[in-house]
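Trainee: Take a look at the following structure, please.
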Amino acid sequence: MDLQISRWILETFGESRFVAILAKLITFCGSAWTLIAVVLLLVIFKKTRKIGIYALFAVGAVYIFNDLILKNIVARPRPFITDESLKAMCELAQYEFPSGFSMASGHSATSMALAFSIFLQSKKIGIPAIIVSVLIGLSRIVLCVHYLTDVLVGFGLGILFAVAVYFVMEQIYKIYKKRSVNNEKNSAGDNK
């Protein structure tokens, strides 16, 4: 089914340079350097610092698990390796062919980890962030770099790690706040 979807995309948009270039630009939004820049911007500003720190841990955890562990355990050829005709979209977009194998889409996983980390703390900017992440995943399918299931697994990993980091960090934050209050009470009692 995955390969049929890739072939359908090729047949539907295969002649459209505009779609190929658009997919390439959207894919760029999910690149590692773009995501690092967004996370750093969130960390720099005081209003978004907490979101940025949570996102930093979520994106880092996804990157380590997906790109450094999971892809070495479960891997399959990328779509264009098994079907030469699928290279057309990448060539049309003048996009460099990623080599090797794929399991979960790293672009989808890391962008969704960032988007869902934002969503868990701010629905207002979280929903647009999730929409951008979904577009990033779709751009990977349009370029025939990943299968649909690669992108869906990537989204699942991103959400899973964002939620896990959120709950762990919230517990740490509560413990820290409780200790700070206790320390203030103790020092107030010592001053009397």
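FYI, nothing fancy with the structure tokens labels: chains A, B, ... in order, residues from 1 per chain, ligands from 1 as they appear.
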Residues of stretch 18-68 of chain A that approach stretch 100-117 of chain A to 8 Å or less, counting only C-alpha atoms: could you list each one with the shortest pair of atoms and its distance in Å to one decimal, rows by chain and increasing residue number, as a Markdown table?

Mentor:
```
| residue | atom | partner | partner_atom | distance |
| --- | --- | --- | --- | --- |
| A:Thr27 | CA | A:His107 | CA | 7.6 |
| A:Gly30 | CA | A:His107 | CA | 5.1 |
| A:Ser31 | CA | A:His107 | CA | 6.3 |
| A:Ala32 | CA | A:His107 | CA | 7.8 |
| A:Leu35 | CA | A:Ser111 | CA | 7.0 |
| A:Val39 | CA | A:Leu114 | CA | 7.8 |
| A:Ile51 | CA | A:Ser117 | CA | 6.8 |
| A:Tyr54 | CA | A:Ser117 | CA | 6.4 |
| A:Ala55 | CA | A:Leu114 | CA | 5.2 |
| A:Leu56 | CA | A:Leu114 | CA | 7.7 |
| A:Ala58 | CA | A:Ala113 | CA | 5.7 |
| A:Val59 | CA | A:Thr110 | CA | 5.3 |
| A:Val62 | CA | A:Thr110 | CA | 6.1 |
| A:Tyr63 | CA | A:Thr110 | CA | 6.6 |
| A:Asn66 | CA | A:Gly106 | CA | 6.8 |
| A:Asp67 | CA | A:Gly106 | CA | 6.6 |
```

Trainee: Convert the current residue selection to file output with C-alpha atoms, as a compact mmCIF listing (two decimals), in the first residue's frame.

Mentor:
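Result file part25.txt:
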```txt
# COMPACT_ATOMS: atom_id res chain seq x y z
CA THR A 27 10.76 19.67 4.30
CA GLY A 30 11.65 20.04 9.60
CA SER A 31 15.42 19.87 9.22
CA ALA A 32 17.54 19.51 12.34
CA LEU A 35 14.20 22.81 14.73
CA VAL A 39 13.90 25.53 20.25
CA ILE A 51 8.03 25.44 26.62
CA TYR A 54 10.41 20.84 27.53
CA ALA A 55 10.70 20.88 23.73
CA LEU A 56 14.48 20.62 23.93
CA ALA A 58 11.46 15.95 23.81
CA VAL A 59 13.22 16.67 20.51
CA VAL A 62 13.23 11.54 19.84
CA TYR A 63 16.44 12.21 17.93
CA ASN A 66 14.73 7.32 16.42
CA ASP A 67 17.83 8.35 14.50
```

Trainee: Can you tell me, as a ChimeraX atom specification, which residues in stretch 35-184 of chain A count as strand (DSSP E or B) by DSSP?

Mentor: /A:76-77,101-102

Trainee: Would you mind listing what lies within 12 Å of A:Leu22 as a PDB file with N, CA and C atoms, in the first residue's frame, with only C-alpha atoms counted and same-chain residues fewer than 3 positions away left out?

Mentor:
```pdb
ATOM      1  N   PHE A  13       1.280  14.305  -9.161  1.00  0.00           N
ATOM      2  CA  PHE A  13       2.065  15.531  -9.079  1.00  0.00           C
ATOM      3  C   PHE A  13       3.420  15.444  -9.791  1.00  0.00           C
ATOM      4  N   SER A  16       4.583  18.363 -11.765  1.00  0.00           N
ATOM      5  CA  SER A  16       4.449  19.685 -11.152  1.00  0.00           C
ATOM      6  C   SER A  16       5.721  20.099 -10.419  1.00  0.00           C
ATOM      7  N   ARG A  17       6.471  20.977 -11.042  1.00  0.00           N
ATOM      8  CA  ARG A  17       7.683  21.492 -10.396  1.00  0.00           C
ATOM      9  C   ARG A  17       7.316  22.314  -9.166  1.00  0.00           C
ATOM     10  N   PHE A  18       6.172  23.022  -9.228  1.00  0.00           N
ATOM     11  CA  PHE A  18       5.709  23.843  -8.104  1.00  0.00           C
ATOM     12  C   PHE A  18       5.492  22.984  -6.856  1.00  0.00           C
ATOM     13  N   VAL A  19       4.788  21.854  -7.013  1.00  0.00           N
ATOM     14  CA  VAL A  19       4.527  20.953  -5.871  1.00  0.00           C
ATOM     15  C   VAL A  19       5.839  20.402  -5.327  1.00  0.00           C
ATOM     16  N   LEU A  25      10.649  22.973   0.244  1.00  0.00           N
ATOM     17  CA  LEU A  25      10.685  24.089   1.201  1.00  0.00           C
ATOM     18  C   LEU A  25      10.072  23.694   2.545  1.00  0.00           C
ATOM     19  N   ILE A  26       8.954  22.968   2.487  1.00  0.00           N
ATOM     20  CA  ILE A  26       8.295  22.520   3.735  1.00  0.00           C
ATOM     21  C   ILE A  26       9.194  21.528   4.465  1.00  0.00           C
ATOM     22  N   THR A  27       9.827  20.633   3.708  1.00  0.00           N
ATOM     23  CA  THR A  27      10.762  19.671   4.301  1.00  0.00           C
ATOM     24  C   THR A  27      11.880  20.388   5.046  1.00  0.00           C
ATOM     25  N   PHE A  28      12.361  21.507   4.482  1.00  0.00           N
ATOM     26  CA  PHE A  28      13.417  22.292   5.121  1.00  0.00           C
ATOM     27  C   PHE A  28      13.000  22.751   6.522  1.00  0.00           C
ATOM     28  N   CYS A  29      11.707  23.043   6.710  1.00  0.00           N
ATOM     29  CA  CYS A  29      11.196  23.473   8.030  1.00  0.00           C
ATOM     30  C   CYS A  29      11.373  22.389   9.092  1.00  0.00           C
ATOM     31  N   MET A  89      10.403  12.868  -8.342  1.00  0.00           N
ATOM     32  CA  MET A  89       9.987  14.016  -7.523  1.00  0.00           C
ATOM     33  C   MET A  89      11.204  14.702  -6.903  1.00  0.00           C
ATOM     34  N   CYS A  90      12.149  13.913  -6.414  1.00  0.00           N
ATOM     35  CA  CYS A  90      13.369  14.496  -5.839  1.00  0.00           C
ATOM     36  C   CYS A  90      14.147  15.253  -6.903  1.00  0.00           C
ATOM     37  N   LEU A  92      12.939  16.607  -9.626  1.00  0.00           N
ATOM     38  CA  LEU A  92      12.163  17.789  -9.990  1.00  0.00           C
ATOM     39  C   LEU A  92      12.359  18.911  -8.972  1.00  0.00           C
ATOM     40  N   ALA A  93      12.476  18.525  -7.705  1.00  0.00           N
ATOM     41  CA  ALA A  93      12.669  19.512  -6.625  1.00  0.00           C
ATOM     42  C   ALA A  93      14.136  19.888  -6.447  1.00  0.00           C
ATOM     43  N   GLN A  94      15.021  19.225  -7.210  1.00  0.00           N
ATOM     44  CA  GLN A  94      16.467  19.388  -7.055  1.00  0.00           C
ATOM     45  C   GLN A  94      16.863  19.121  -5.595  1.00  0.00           C
ATOM     46  N   TYR A  95      16.314  18.025  -5.080  1.00  0.00           N
ATOM     47  CA  TYR A  95      16.527  17.631  -3.692  1.00  0.00           C
ATOM     48  C   TYR A  95      17.478  16.443  -3.661  1.00  0.00           C
ATOM     49  N   LEU A 135       2.296  19.014   7.812  1.00  0.00           N
ATOM     50  CA  LEU A 135       2.735  19.407   6.462  1.00  0.00           C
ATOM     51  C   LEU A 135       4.161  18.913   6.189  1.00  0.00           C
ATOM     52  N   ILE A 136       5.016  18.970   7.211  1.00  0.00           N
ATOM     53  CA  ILE A 136       6.387  18.465   7.063  1.00  0.00           C
ATOM     54  C   ILE A 136       6.359  16.975   6.747  1.00  0.00           C
ATOM     55  N   LEU A 138       3.878  15.292   5.357  1.00  0.00           N
ATOM     56  CA  LEU A 138       3.330  15.131   4.008  1.00  0.00           C
ATOM     57  C   LEU A 138       4.370  15.452   2.939  1.00  0.00           C
ATOM     58  N   SER A 139       5.216  16.443   3.221  1.00  0.00           N
ATOM     59  CA  SER A 139       6.254  16.815   2.247  1.00  0.00           C
ATOM     60  C   SER A 139       7.235  15.666   2.025  1.00  0.00           C
ATOM     61  N   ARG A 140       7.479  14.877   3.061  1.00  0.00           N
ATOM     62  CA  ARG A 140       8.387  13.728   2.939  1.00  0.00           C
ATOM     63  C   ARG A 140       7.763  12.648   2.049  1.00  0.00           C
ATOM     64  N   VAL A 142       5.421  13.329  -0.336  1.00  0.00           N
ATOM     65  CA  VAL A 142       5.356  13.907  -1.690  1.00  0.00           C
ATOM     66  C   VAL A 142       6.699  13.775  -2.404  1.00  0.00           C
ATOM     67  N   LEU A 143       7.794  13.947  -1.675  1.00  0.00           N
ATOM     68  CA  LEU A 143       9.123  13.810  -2.281  1.00  0.00           C
ATOM     69  C   LEU A 143       9.524  12.342  -2.452  1.00  0.00           C
TER      70      LEU A 143
END
```

Trainee: Give me the stretch 63-167 of chain A side of the contact with stretch 44-50 of chain A, cut-off 10 Å, one line per residue showing its nearest atom pair and distance in Å at one decimal, counting only C-alpha atoms, sorted by chain and residue number, as a tab-separated table.

Mentor:
```
residue	atom	partner	partner_atom	distance
A:Ile118	CA	A:Thr48	CA	9.2
A:Gln121	CA	A:Lys50	CA	8.8
A:Ser122	CA	A:Thr48	CA	9.7
```

Trainee: Point out the residue among A:Lys177, A:Cys144, A:Leu10, A:Leu40 with the least atom-to-atom distance to A:Glu96, counting only C-alpha atoms.

Mentor: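 When distances to A:Glu96 are compared using only C-alpha atoms, the smallest one comes from A:Cys144.
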
Trainee: Which of these, A:Trp33, A:Gly14, A:Gly154, A:Trp8, has the shortest distance to A:Lys87 once you count only C-alpha atoms?

Mentor: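 Closest residue, counting only C-alpha atoms: A:Gly14.
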